[in-house]
>>> print(open('structure-v8.csv').read())   # CSV, C-alpha atoms
chain,number,residue,atom,x,y,z
A,1,ASN,CA,0.0,0.0,0.0
A,2,LYS,CA,1.2,3.5,-0.9
A,3,LEU,CA,1.6,6.0,1.9
A,4,HIS,CA,-0.4,9.2,1.5
A,5,SER,CA,1.0,12.6,2.5
A,6,GLN,CA,-2.5,13.7,3.4
A,7,PRO,CA,-5.5,11.7,4.6
A,8,VAL,CA,-7.9,10.5,1.9
A,9,LYS,CA,-11.0,12.7,1.9
A,10,ALA,CA,-14.5,11.2,2.3
A,11,GLU,CA,-16.8,11.3,-0.7
A,12,ASP,CA,-19.0,13.9,0.9
A,13,GLU,CA,-16.0,16.1,1.7
A,14,VAL,CA,-14.9,16.0,-1.9
A,15,GLU,CA,-18.4,16.8,-3.0
A,16,GLU,CA,-18.6,19.8,-0.7
A,17,GLU,CA,-15.2,21.1,-1.8
A,18,ASN,CA,-16.2,20.8,-5.4
A,19,MET,CA,-19.4,22.8,-4.7
A,20,LEU,CA,-17.4,25.3,-2.7
A,21,PHE,CA,-15.1,26.0,-5.7
A,22,ARG,CA,-18.0,26.0,-8.1
A,23,LEU,CA,-19.7,28.7,-6.1
A,24,ALA,CA,-16.5,30.6,-5.8
A,25,ILE,CA,-15.9,30.6,-9.5
A,26,VAL,CA,-19.5,31.7,-10.3
A,27,ILE,CA,-19.5,34.4,-7.6
A,28,SER,CA,-16.1,35.7,-8.7
A,29,TYR,CA,-17.4,35.9,-12.3
A,30,ILE,CA,-20.4,37.8,-11.2
A,31,PHE,CA,-18.3,40.2,-9.0
A,32,GLN,CA,-15.8,40.7,-11.8
A,33,SER,CA,-18.6,41.7,-14.2
A,34,LYS,CA,-19.9,44.2,-11.6
A,35,ILE,CA,-16.4,45.6,-11.0
A,36,VAL,CA,-15.9,46.2,-14.8
A,37,GLU,CA,-19.3,47.9,-14.9
A,38,GLY,CA,-18.6,49.9,-11.7
A,39,ASP,CA,-15.2,51.1,-12.9
A,40,ALA,CA,-16.7,52.2,-16.2
A,41,SER,CA,-19.6,54.0,-14.5
A,42,GLY,CA,-17.2,55.5,-12.0
A,43,LYS,CA,-15.5,57.6,-14.7
A,44,LYS,CA,-18.7,59.7,-14.8
A,45,ASN,CA,-20.2,59.1,-11.4
A,46,LYS,CA,-17.7,58.2,-8.7
A,47,ASN,CA,-18.7,56.4,-5.5
A,48,PRO,CA,-18.5,58.3,-2.2
A,49,LYS,CA,-15.3,57.3,-0.3
A,50,THR,CA,-15.8,54.5,2.2
A,51,TYR,CA,-13.6,52.5,4.6
A,52,PHE,CA,-13.8,49.7,2.0
A,53,ASP,CA,-11.7,51.7,-0.5
A,54,THR,CA,-8.0,50.8,-0.7
A,55,LYS,CA,-5.4,53.5,-1.3
A,56,GLU,CA,-3.9,51.4,-4.1
A,57,THR,CA,-5.6,48.9,-6.5
A,58,PRO,CA,-4.9,45.4,-5.2
A,59,GLU,CA,-2.8,43.3,-7.6
A,60,ILE,CA,-4.5,40.0,-6.8
A,61,SER,CA,-7.7,39.3,-8.8
A,62,ILE,CA,-11.0,39.0,-7.0
A,63,LYS,CA,-11.2,35.3,-8.0
A,64,ASP,CA,-7.8,34.5,-6.5
A,65,TYR,CA,-8.5,36.6,-3.4
A,66,LEU,CA,-11.8,34.8,-2.9
A,67,PHE,CA,-10.1,31.4,-3.3
A,68,TYR,CA,-7.5,32.4,-0.8
A,69,LEU,CA,-10.0,33.5,1.7
A,70,ILE,CA,-12.2,30.4,1.5
A,71,CYS,CA,-9.2,28.2,1.9
A,72,SER,CA,-7.7,30.2,4.8
A,73,LEU,CA,-10.9,30.6,6.7
A,74,LYS,CA,-12.1,27.0,5.9
A,75,ALA,CA,-15.4,28.4,4.5
A,76,HIS,CA,-18.4,26.3,3.6
A,77,PRO,CA,-20.9,26.7,0.7
A,78,VAL,CA,-23.5,28.2,3.0
A,79,THR,CA,-21.0,30.8,4.0
A,80,LEU,CA,-20.4,31.9,0.4
A,81,ILE,CA,-24.1,32.1,-0.3
A,82,LEU,CA,-24.7,34.2,2.8
A,83,MET,CA,-21.8,36.4,1.8
A,84,VAL,CA,-23.4,37.2,-1.6
A,85,ILE,CA,-26.7,38.1,0.1
A,86,TYR,CA,-25.0,40.3,2.7
A,87,ILE,CA,-23.1,42.1,-0.1
A,88,GLU,CA,-26.4,42.7,-2.0
A,89,ARG,CA,-27.9,44.2,1.2
A,90,LEU,CA,-24.8,46.4,1.7
A,91,MET,CA,-24.9,47.7,-1.9
A,92,MET,CA,-28.6,48.5,-1.7
A,93,SER,CA,-28.1,50.3,1.6
A,94,LEU,CA,-25.2,52.4,0.3
A,95,SER,CA,-27.1,53.1,-2.9
A,96,ASN,CA,-30.1,54.4,-0.9
A,97,TYR,CA,-27.7,56.6,1.1
A,98,ILE,CA,-26.5,58.1,-2.3
A,99,TYR,CA,-30.1,58.6,-3.5
A,100,GLU,CA,-30.9,60.6,-0.3
A,101,THR,CA,-28.2,63.1,-1.3
A,102,GLY,CA,-30.0,63.7,-4.6
A,103,GLN,CA,-27.9,61.6,-6.9
A,104,SER,CA,-29.4,59.1,-9.2
A,105,THR,CA,-26.5,56.6,-9.5
A,106,PRO,CA,-26.2,53.5,-7.3
A,107,PHE,CA,-23.1,52.4,-5.3
A,108,PHE,CA,-20.8,50.4,-7.5
A,109,LEU,CA,-18.3,47.6,-6.8
A,110,THR,CA,-14.9,48.7,-8.1
A,111,LEU,CA,-11.4,47.4,-8.2
A,112,ASN,CA,-10.7,49.6,-5.1
A,113,ASN,CA,-13.5,48.5,-2.9
A,114,ALA,CA,-14.4,44.9,-3.9
A,115,HIS,CA,-11.7,43.1,-2.0
A,116,ARG,CA,-12.5,44.6,1.3
A,117,ILE,CA,-16.2,44.3,0.8
A,118,VAL,CA,-15.8,40.6,0.0
A,119,LEU,CA,-13.4,40.1,2.9
A,120,THR,CA,-15.7,41.7,5.4
A,121,ALA,CA,-18.9,40.0,4.1
A,122,LEU,CA,-17.2,36.6,4.2
A,123,ILE,CA,-16.0,37.1,7.8
A,124,ILE,CA,-19.4,38.1,9.0
A,125,ALA,CA,-21.1,35.3,7.1
A,126,HIS,CA,-18.7,32.8,8.5
A,127,LYS,CA,-19.4,34.0,12.1
A,128,TYR,CA,-23.1,33.9,11.6
A,129,SER,CA,-23.4,30.6,9.7
A,130,MET,CA,-20.8,28.6,11.5
A,131,ASP,CA,-21.3,30.2,15.0
A,132,VAL,CA,-17.5,30.5,15.0
A,133,SER,CA,-15.6,33.7,15.5
A,134,TYR,CA,-11.9,33.9,14.8
A,135,PRO,CA,-10.1,36.4,17.0
A,136,PHE,CA,-9.3,39.6,15.1
A,137,SER,CA,-5.6,39.1,15.9
A,138,VAL,CA,-5.7,35.8,14.0
A,139,LEU,CA,-7.7,37.2,11.1
A,140,SER,CA,-5.4,40.1,10.8
A,141,LYS,CA,-2.4,37.9,10.1
A,142,VAL,CA,-4.3,35.7,7.7
A,143,VAL,CA,-5.9,38.4,5.5
A,144,GLY,CA,-3.1,41.0,5.7
A,145,VAL,CA,-5.3,43.8,7.1
A,146,SER,CA,-4.5,45.5,10.4
A,147,LEU,CA,-6.4,44.7,13.6
A,148,SER,CA,-7.9,48.2,13.8
A,149,GLU,CA,-8.9,48.2,10.2
A,150,LEU,CA,-10.7,44.9,10.5
A,151,LYS,CA,-12.8,46.1,13.4
A,152,ILE,CA,-13.7,49.3,11.5
A,153,LEU,CA,-14.6,47.3,8.3
A,154,GLU,CA,-16.9,44.9,10.3
A,155,TYR,CA,-18.6,47.8,12.1
A,156,GLU,CA,-19.1,49.8,8.9
A,157,PHE,CA,-20.5,46.8,7.0
A,158,LEU,CA,-22.9,45.9,9.8
A,159,PHE,CA,-24.0,49.5,10.3
A,160,PHE,CA,-24.8,50.1,6.6
A,161,MET,CA,-26.7,46.8,6.4
A,162,LYS,CA,-28.5,47.7,9.6
A,163,TYR,CA,-27.3,44.5,11.3
A,164,GLU,CA,-29.8,42.5,9.2
A,165,LEU,CA,-28.0,39.1,9.3
A,166,TYR,CA,-31.1,36.9,9.3
A,167,VAL,CA,-31.9,35.3,5.9
A,168,SER,CA,-35.2,33.5,5.3
A,169,GLU,CA,-35.2,30.0,3.9
A,170,ASP,CA,-37.0,31.3,0.8
A,171,LEU,CA,-34.5,34.0,0.0
A,172,TYR,CA,-31.5,31.7,0.8
A,173,GLY,CA,-33.1,29.0,-1.5
A,174,LYS,CA,-33.4,31.4,-4.4
A,175,PHE,CA,-29.8,32.5,-4.2
A,176,GLU,CA,-28.6,28.9,-3.7
A,177,GLU,CA,-30.5,27.7,-6.7
A,178,THR,CA,-29.3,30.5,-8.9
A,179,LEU,CA,-25.6,30.1,-8.0
A,180,LYS,CA,-25.5,26.3,-7.9
A,181,GLN,CA,-27.2,26.0,-11.3
A,182,TRP,CA,-25.2,28.7,-13.1
A,183,PRO,CA,-24.9,27.5,-16.7
A,184,GLY,CA,-21.8,26.9,-18.7
A,185,LEU,CA,-19.5,25.6,-16.0
A,186,THR,CA,-18.2,22.0,-16.3
A,187,GLN,CA,-16.7,19.7,-13.7
A,188,GLU,CA,-13.4,19.8,-15.7
A,189,GLN,CA,-13.2,23.6,-15.4
A,190,ILE,CA,-13.8,23.4,-11.6
A,191,ILE,CA,-11.0,20.8,-11.2
A,192,LEU,CA,-8.7,22.9,-13.4
A,193,GLU,CA,-9.3,26.0,-11.3
A,194,GLN,CA,-8.7,24.1,-8.1
A,195,GLU,CA,-5.4,22.7,-9.3
A,196,LYS,CA,-4.3,26.1,-10.6
A,197,PHE,CA,-5.1,27.8,-7.4
A,198,ARG,CA,-3.5,25.1,-5.2
A,199,ALA,CA,-0.3,25.3,-7.2
A,200,LYS,CA,-0.2,29.0,-6.8
A,201,PHE,CA,-1.3,28.9,-3.1
A,202,PHE,CA,1.4,26.4,-2.1
A,203,ALA,CA,4.1,28.2,-4.2
A,204,ASN,CA,3.3,31.4,-2.3
A,205,ILE,CA,3.5,29.5,1.0
A,206,ALA,CA,6.9,28.1,0.0
A,207,GLU,CA,8.2,31.5,-1.0
A,208,ALA,CA,7.0,33.1,2.3
A,209,THR,CA,8.6,30.2,4.2
A,210,GLN,CA,11.9,30.8,2.4
A,211,LYS,CA,11.8,34.5,3.1
A,212,GLU,CA,11.1,33.9,6.8
A,213,GLU,CA,14.0,31.4,7.0
A,214,ALA,CA,16.3,33.8,5.2
A,215,LYS,CA,15.3,36.5,7.7
A,216,GLU,CA,16.0,34.2,10.7
A,217,ASP,CA,19.4,33.3,9.2
A,218,ASP,CA,20.3,37.0,8.9
A,219,GLU,CA,19.3,37.6,12.5
A,220,ASP,CA,21.4,34.6,13.6
A,221,LYS,CA,24.4,36.0,11.8
A,222,ARG,CA,24.0,39.4,13.3
A,223,ASN,CA,23.7,37.8,16.8
A,224,ASP,CA,26.9,35.8,16.2
A,225,LYS,CA,28.7,39.0,15.3
A,226,ASN,CA,27.5,40.8,18.4
A,227,PRO,CA,27.5,38.2,21.2
A,228,ASP,CA,28.0,40.9,23.9
A,229,GLU,CA,24.7,42.6,23.1
A,230,ASN,CA,22.7,39.4,23.5
A,231,SER,CA,24.3,38.6,26.8
A,232,GLU,CA,23.2,41.8,28.5
>>> encode(input="structure-v8.csv", output="structure tokens")
Amino acid sequence: NKLHSQPVKAEDEVEEENMLFRLAIVISYIFQSKIVEGDASGKKNKNPKTYFDTKETPEISIKDYLFYLICSLKAHPVTLILMVIYIERLMMSLSNYIYETGQSTPFFLTLNNAHRIVLTALIIAHKYSMDVSYPFSVLSKVVGVSLSELKILEYEFLFFMKYELYVSEDLYGKFEETLKQWPGLTQEQIILEQEKFRAKFFANIAEATQKEEAKEDDEDKRNDKNPDENSE
């Protein structure tokens, strides 16, 4: 018998993982379309600035970012579906805020706000659906956003969606059916996307590990050169 480096996953685990990536692919496609539309519309009618806006446009695509988040936070399909619903509620609330100022254009997803909106919505959906709350100190290290910023993002998101976290079975079912039955996506495409992401994900981990080891080596060399400072 051959030894496996990782335990063999049960059939239901594999099925859930496939569904998770299927949803992530569909959702990222939808969001990317909205981002393109939002950036085009923003040339004429810019969004008001929010805490979700980044100073610089993120280099990582919204798809790769979503893949990274669901793997890092060990998200489930239900979490992704709730995330989409929460983002819809946020966008509607922010749009209503704009309408009240006399403008007629809605709030748009853009390259500068989509990543933080997705991040915050996923964290909130994960807390609500799994009844699990990662400490902000842990989340900060995983997602690369400061502790204080994470707290502000969560507060802003909940404030604008009026803390409406409950989702009826009927509404959830409609979103679930639409996302799960999205046309034109084959199992081969899902597997290919999974393999591509995993290769990139583990390559990034290896690179980060090498940098950390090189940093530790440099510190050891400096300590060897200055033994007196360390003995004080």
>>> atom_distance(input="structure-v8.csv", atom1="CA of Met91 in chain A", atom2="CA of Phe107 in chain A")
6.1 Å
>>> closest_residue(input="structure-v8.csv", among="A:Glu154, A:Glu164, A:Glu59, A:Glu193", to="Leu20 in chain A", atoms="only C-alpha atoms")
A:Glu193
>>> closest_residue(input="structure-v8.csv", among="A:Leu158, A:Ile123, A:Ala40, A:Leu94", to="Ser72 in chain A", atoms="all atoms listed in the file")
A:Ile123
>>> closest_residue(input="structure-v8.csv", among="A:Ile191, A:Ile30, A:Leu185, A:Ile25", to="Asp64 in chain A", atoms="only C-alpha atoms")
A:Ile25
>>> atom_distance(input="structure-v8.csv", atom1="CA of Thr105 in chain A", atom2="CA of Tyr86 in chain A")
20.4 Å
>>> closest_residue(input="structure-v8.csv", among="A:Gln189, A:Ser148, A:Ser28, A:Asn47", to="Ser95 in chain A", atoms="all atoms listed in the file")
A:Asn47
>>> atom_distance(input="structure-v8.csv", atom1="CA of Leu111 in chain A", atom2="CA of Gln32 in chain A")
8.8 Å
>>> closest_residue(input="structure-v8.csv", among="A:Leu82, A:Ile62, A:Lys162, A:Ser33", to="Ile124 in chain A", atoms="all atoms listed in the file")
A:Leu82
>>> closest_residue(input="structure-v8.csv", among="A:Met92, A:Leu171, A:Leu69, A:Ile85", to="Arg116 in chain A", atoms="only C-alpha atoms")
A:Leu69
>>> residues_around(input="structure-v8.csv", residues="Lys127 in chain A", least_positions_apart="6", cutoff="9 Å", atoms="only C-alpha atoms", output="list in words")
Thr79, Ser133 and Tyr134 of chain A
